[in-house]
Amino acid sequence: MAKGIHTEDTFEAAIEAALLDSGGYTKGAPNAFDATLALDPETLFTFLQSTQPKKWEKISKIHGTSVKEKLLHRLNKEIDLRGMLDVVRKGITDYGVKFDLAYFRPETSLNPETEALYQQNILTVTRQVYYSTKHRNSLDMLLSLNGLPIVTIELKNQFTGQTAENAKRQYRYDRDYKELLFQFKKRALVHFAVDTDVAFMTTRLRGAKTYYLPFNQGYHNGKGNPPNPEGYRTEYLWNEVWQKDSLMQIISKFMHIETEEIEIDGKIRKKETLFFPRYHQMDVVRKLVREVRQKQAGENYLIQHSAGSGKSKSIAWLSYQLFSLHNQENERIYNAVIVITDRTVLDAQLQNTIYQIEHKQGVVQKIDKDSTQLADSLSKGGSIIITTLQKFPFVLDKIDDLPSRNYAVIIDEAHSSQGGEATKKMKEVLSGTSLEDALAEEADTEDEDTALDEIRRSMLSRGKQPNLSFFAFTATPKAKTLEVFGTKGIDGKPRPFHLYSMRQAIEEGFILDVLKNYTTYKTYYKLSKAIEDDPEVNKKKAARAIGRFLSLHPHNLAQKTEVMVEHFRQVVSKQIGGKAKAMVVSGSRLHAVRYKREFDRYIKEKGYGQGDRAIKTLVAFSGKVIDEGVAFTEPEMNGFGYKELRKKFDTDEYQILLVADKYQTGFDQPLLHTMYVDKKLSGVKAVQTLSRLNRTTSGKEDTFVLDFVNDRESILQSFQPFYEVTTVEENTDPNHLYDLKSEIDKTQVIWETEVDKFVEVYFSNVKVLKVKEQRKLNAYVDPAVERFKGLPEEAQDDLKNAIRTFTRLYSFLSQIMPFQDMELEKLFTYLRYFQKKLPKPNLSDRFQLTDEVALEYYRLQKIEEGQIALQKGEEGQLSGVKEAGVRYSKEEVAPLSTIIEVLNEKLGTDFKPADQLFLDQVKEDMIQDETLAKQAKSNTKENFRYGFEDIFMDKLIERMEQNQEVFNRLMDDDRMAGIVKEMILDEVFERLGGGARK
């Protein structure tokens, strides 16, 4: 009796029952679906005859007995021409007779007849629909409106061993997207892949290229859905989203088609995208509308939506729904909706969206002339007004004169305001900026105002106005922004009204985590030193070189330029199929000018500006900079005007963009992979700047930051308020790779002969491997998979963990410096594909590149396995892979007070007593270190040594410039460094009250 309780059939039945009982649906008959027409004609005719009897009678007289056939022919032709969405919204006309194919709920209760017609819509849920005229293939579930297909659904039940990933695979490979039901725009508008825990959707099936979007509520500010004590985690779909009133609203007020013109091989082509709201977009709009309907005008709302959330779409949908919102007296709640944005595309998007929904022109008015134009629009009302931040004070002044009117003000803080830039320009004298002013810019712009700051000040100067509602969209709210726009909780603390977190955006794959590969300059140095033990690379030379770089002052940029250009050539240029770009964030406009000159000089000197891998730079800064009596401007240095820079940087001609504040925010370039930071960053500014890297694109799997100025802790603290918990990798020991390789070798699963054969084929000179070569790759991996299956379960887990750690660590370190050990590189390449063929309990819900795409883009790409360890409410931890169990031989030396004397005597050095001060200061710095103090009290001295080693290097580097000679000699002479470290360790451990000595 209970045999089928956990099957997909049971899951289907549960959804169907919910839609029939409380969702407003009727049961559809599978045999009523006509696969040739890909719709249910009898249900359509029932709807037309019952809602529009006079029109039916009229068309019947025209067509006679063939009325149904001819009407279906006309319908099919109209759908081909206009698309299903437009036909459902606006109906069709046949021989002058206009038929409505659906009725949508009216905004007011003034027309009860329209409400009655709305209730006559027939929504059907049909299970196991045979949709194909060629094959006997069935679809799990179809939701139709008056016989017209709207939603297709493939269902999977985890209890059967399958997940939504299997449903997505089924759509991609088992559902022919050329079948009429699945054709883009022609029939079904959205396709859902659902299991009992998660859901995904797409509006365009394209076989293997189909791209699915998560459609989940989010859980603990991350991906997925919260547990449901009443049943399935995905019940919100049929209880909320697919429910009649909800689906009808989505069709009428959310869905729309966007057309983009793109140039391919010199020809302009149109690309159409059908938008169905993501869950958080639908949720925020509906919750805001409900709140406004209840509280009316005069409230403020803060919407904290991360980059990658689709804010422009959310703003467009909210604008329209607020514009059409009425109160219980059937009066408009807002006389006008004002959108403040600097996005030039938003007005066109809004205009197009609203035209599709209402077929009305002139609803959206862009204010791009003068204040008179704005005054006219505000006075007339009844429209959505798009204007800029600069005109906002006038908006408030004008609204003061119209106290009886209500306005909704939507603030799109896509990036920082231009206020700071405008202020700077006013301060500039005609002769340009002086050297001192240019160098002081960093401090002036550190806490740059945002659009919300400007608006907040304007609001506070006037006091709260009952006829104004503010809806502020931002990814990075400041404390004061929260106080003014936030919603107070029961604890009295202001919070965002709605949240789509950075964590959720990353986990759902809409943006990349820019902190995954974050390397400070000190870490770069430590890694270079740590890798000395590798005999194939001259690491000592690299260590000395980077030690020299660290000693430079900010305005003397030559050596840092060498680090960046060489890193770009050796590592970054190979990313994203050779298309990766980098940004240098400099401390001031003068820094940017000097960097541009130094980069170009170095590139020319090395001959890097020629050939297939040529490097060219661009610089971005405002105004004029005077350096040593010579004036520099951005257009003169680049060779073209300000407005052309974005387009130029988008081409293959330019790879590196050097910026001074400009383009640190509000600049979207998906090919931007690496950022070199030579500027102090903190708080919101740090998040906005580093987030330039987070945009996704095909072939981009990660990002990389090399920071010359900031430490990990300050960056972590900057991101923490906007991203529950962030894990940043600590200083990592490259030699751990060899330890891991030994662990992998011990199992005898991976054979060197098979690895060699695999990489020989893999690195053959073909862009995409042919079928024959791909067969060989499998042949060289499969025997190892079989050997893996023969291991005990515990040994399998240990090997998986070792392989996963090895690939992650090698990927990370390959971002820092190019390895010369080809054996490691070959093993890394082999293990990437070996992992993919290991047996898994069920499909991963992480996005996976197909082999074809991976092969096309492969050049030392980083592979991340596993998720960031995010725990709600916990502080981020900086942890990394370290060498364990290493013992150092103790050397007896004299007390620290005579360290210089000991060094001179033992090593024949010529240090002066004055040099003692430098080492004493390093020692005192370590004694003041809280971390070391805790470690000393709870560890033996030998265990204490492990933490001491890293902090000693930190303190040494921090004081490096005070005594460059001592620093350099410690770096160059291992024996001398060992003596100094041992003497300082002894005294620090004793002064901190260390535990038992060994």
# chains A, B, ... in the order shown; residues from 1 in each chain; ligands from 1

$ residues_around --residues "Asn406 of chain A" --least-positions-apart "6" --cutoff "12 Å" --atoms "only C-alpha atoms" --output "PyMOL selection string"
chain A and resi 296-299+322-323+331-338+378-379+381-382+396+399-400+465-470

$ select_by_dssp --residues "segment 16-199 of chain A" --states "alpha helix (DSSP H)" --output "PyMOL selection string"
chain A and resi 16-22+41-51+53-63+67-82+84-90+112-119+164-169

$ write_last_selection --atoms "C-alpha atoms" --output "CSV table (one decimal), in the first residue's frame"
chain,number,residue,atom,x,y,z
A,16,GLU,CA,-1.7,18.7,-8.3
A,17,ALA,CA,-3.9,18.3,-5.2
A,18,ALA,CA,-2.7,21.6,-3.8
A,19,LEU,CA,-3.3,23.5,-7.0
A,20,LEU,CA,-6.8,22.0,-7.4
A,21,ASP,CA,-7.8,22.5,-3.7
A,22,SER,CA,-6.6,26.0,-3.1
A,41,PRO,CA,-8.2,24.0,-28.1
A,42,GLU,CA,-11.4,22.9,-26.3
A,43,THR,CA,-10.5,24.7,-23.1
A,44,LEU,CA,-9.7,27.8,-25.2
A,45,PHE,CA,-13.0,27.7,-27.0
A,46,THR,CA,-14.9,27.1,-23.7
A,47,PHE,CA,-13.3,30.3,-22.4
A,48,LEU,CA,-14.0,32.4,-25.5
A,49,GLN,CA,-17.6,31.3,-25.7
A,50,SER,CA,-18.4,31.9,-22.1
A,51,THR,CA,-16.7,35.3,-21.7
A,53,PRO,CA,-20.5,35.1,-26.5
A,54,LYS,CA,-21.4,38.0,-28.9
A,55,LYS,CA,-18.0,38.0,-30.5
A,56,TRP,CA,-18.1,34.2,-30.8
A,57,GLU,CA,-21.5,34.5,-32.5
A,58,LYS,CA,-20.1,37.2,-34.9
A,59,ILE,CA,-17.0,35.2,-35.9
A,60,SER,CA,-19.1,32.0,-36.3
A,61,LYS,CA,-21.3,33.8,-38.9
A,62,ILE,CA,-18.1,34.8,-40.8
A,63,HIS,CA,-16.4,31.4,-40.8
A,67,VAL,CA,-14.8,28.7,-37.2
A,68,LYS,CA,-12.7,26.7,-34.8
A,69,GLU,CA,-10.2,25.7,-37.4
A,70,LYS,CA,-9.8,29.2,-38.8
A,71,LEU,CA,-9.6,30.8,-35.4
A,72,LEU,CA,-6.8,28.4,-34.4
A,73,HIS,CA,-5.0,29.2,-37.7
A,74,ARG,CA,-5.3,32.9,-36.9
A,75,LEU,CA,-4.1,32.4,-33.3
A,76,ASN,CA,-1.1,30.3,-34.5
A,77,LYS,CA,-0.2,33.0,-37.0
A,78,GLU,CA,-0.4,35.8,-34.4
A,79,ILE,CA,1.7,33.9,-31.9
A,80,ASP,CA,4.3,33.3,-34.6
A,81,LEU,CA,4.4,37.0,-35.3
A,82,ARG,CA,4.0,38.5,-31.8
A,84,MET,CA,2.7,34.0,-26.7
A,85,LEU,CA,3.2,36.7,-24.0
A,86,ASP,CA,1.9,39.5,-26.1
A,87,VAL,CA,-1.0,37.5,-27.5
A,88,VAL,CA,-2.1,36.5,-24.0
A,89,ARG,CA,-1.9,40.1,-22.8
A,90,LYS,CA,-3.5,41.8,-25.8
A,112,PRO,CA,-17.0,44.8,-11.1
A,113,GLU,CA,-17.6,43.4,-14.6
A,114,THR,CA,-13.8,43.2,-15.3
A,115,GLU,CA,-13.4,41.4,-11.9
A,116,ALA,CA,-16.1,38.9,-12.9
A,117,LEU,CA,-14.3,38.2,-16.2
A,118,TYR,CA,-11.0,37.8,-14.3
A,119,GLN,CA,-12.6,35.1,-12.2
A,164,ALA,CA,16.6,19.0,-9.8
A,165,GLU,CA,19.9,18.5,-11.6
A,166,ASN,CA,18.4,15.5,-13.3
A,167,ALA,CA,15.4,17.5,-14.3
A,168,LYS,CA,17.7,20.2,-15.8
A,169,ARG,CA,19.6,17.5,-17.6

$ atom_distance --atom1 "atom CA of Leu148 of chain A" --atom2 "atom CA of Arg187 of chain A"
7.5 Å

$ residues_around --residues "segment 784-793 of chain A" --least-positions-apart "3" --cutoff "9 Å" --atoms "only C-alpha atoms" --output "number ranges by chain"
A: 747-751, 754, 780-781, 796-799, 834-835, 837-839

$ closest_residue --among "A:Val198, A:Ala580, A:Leu205, A:Met971" --to "Tyr171 of chain A" --atoms "only C-alpha atoms"
A:Leu205

$ atom_distance --atom1 "atom CA of Lys581 of chain A" --atom2 "atom CA of Leu672 of chain A"
4.6 Å

$ select_by_dssp --residues "segment 670-752 of chain A" --states "strand (DSSP E or B)" --output "PyMOL selection string"
chain A and resi 672-678+695+704-707+728-729

$ closest_residue --among "A:Ile262, A:Val125, A:Ala193, A:Val755" --to "Ser144 of chain A" --atoms "only C-alpha atoms"
A:Val125

$ atom_distance --atom1 "atom CA of Leu123 of chain A" --atom2 "atom CA of Asn327 of chain A"
28.2 Å

$ residues_around --residues "Thr689 of chain A" --least-positions-apart "3" --cutoff "12 Å" --atoms "only C-alpha atoms" --output "ChimeraX atom specification"
/A:415-416,446,476,514,583-586,659-668,675-677,679-686,692-694,705,715,718-719

$ closest_residue --among "A:Thr259, A:Thr26, A:Ser306, A:Thr481" --to "Glu508 of chain A" --atoms "only C-alpha atoms"
A:Ser306
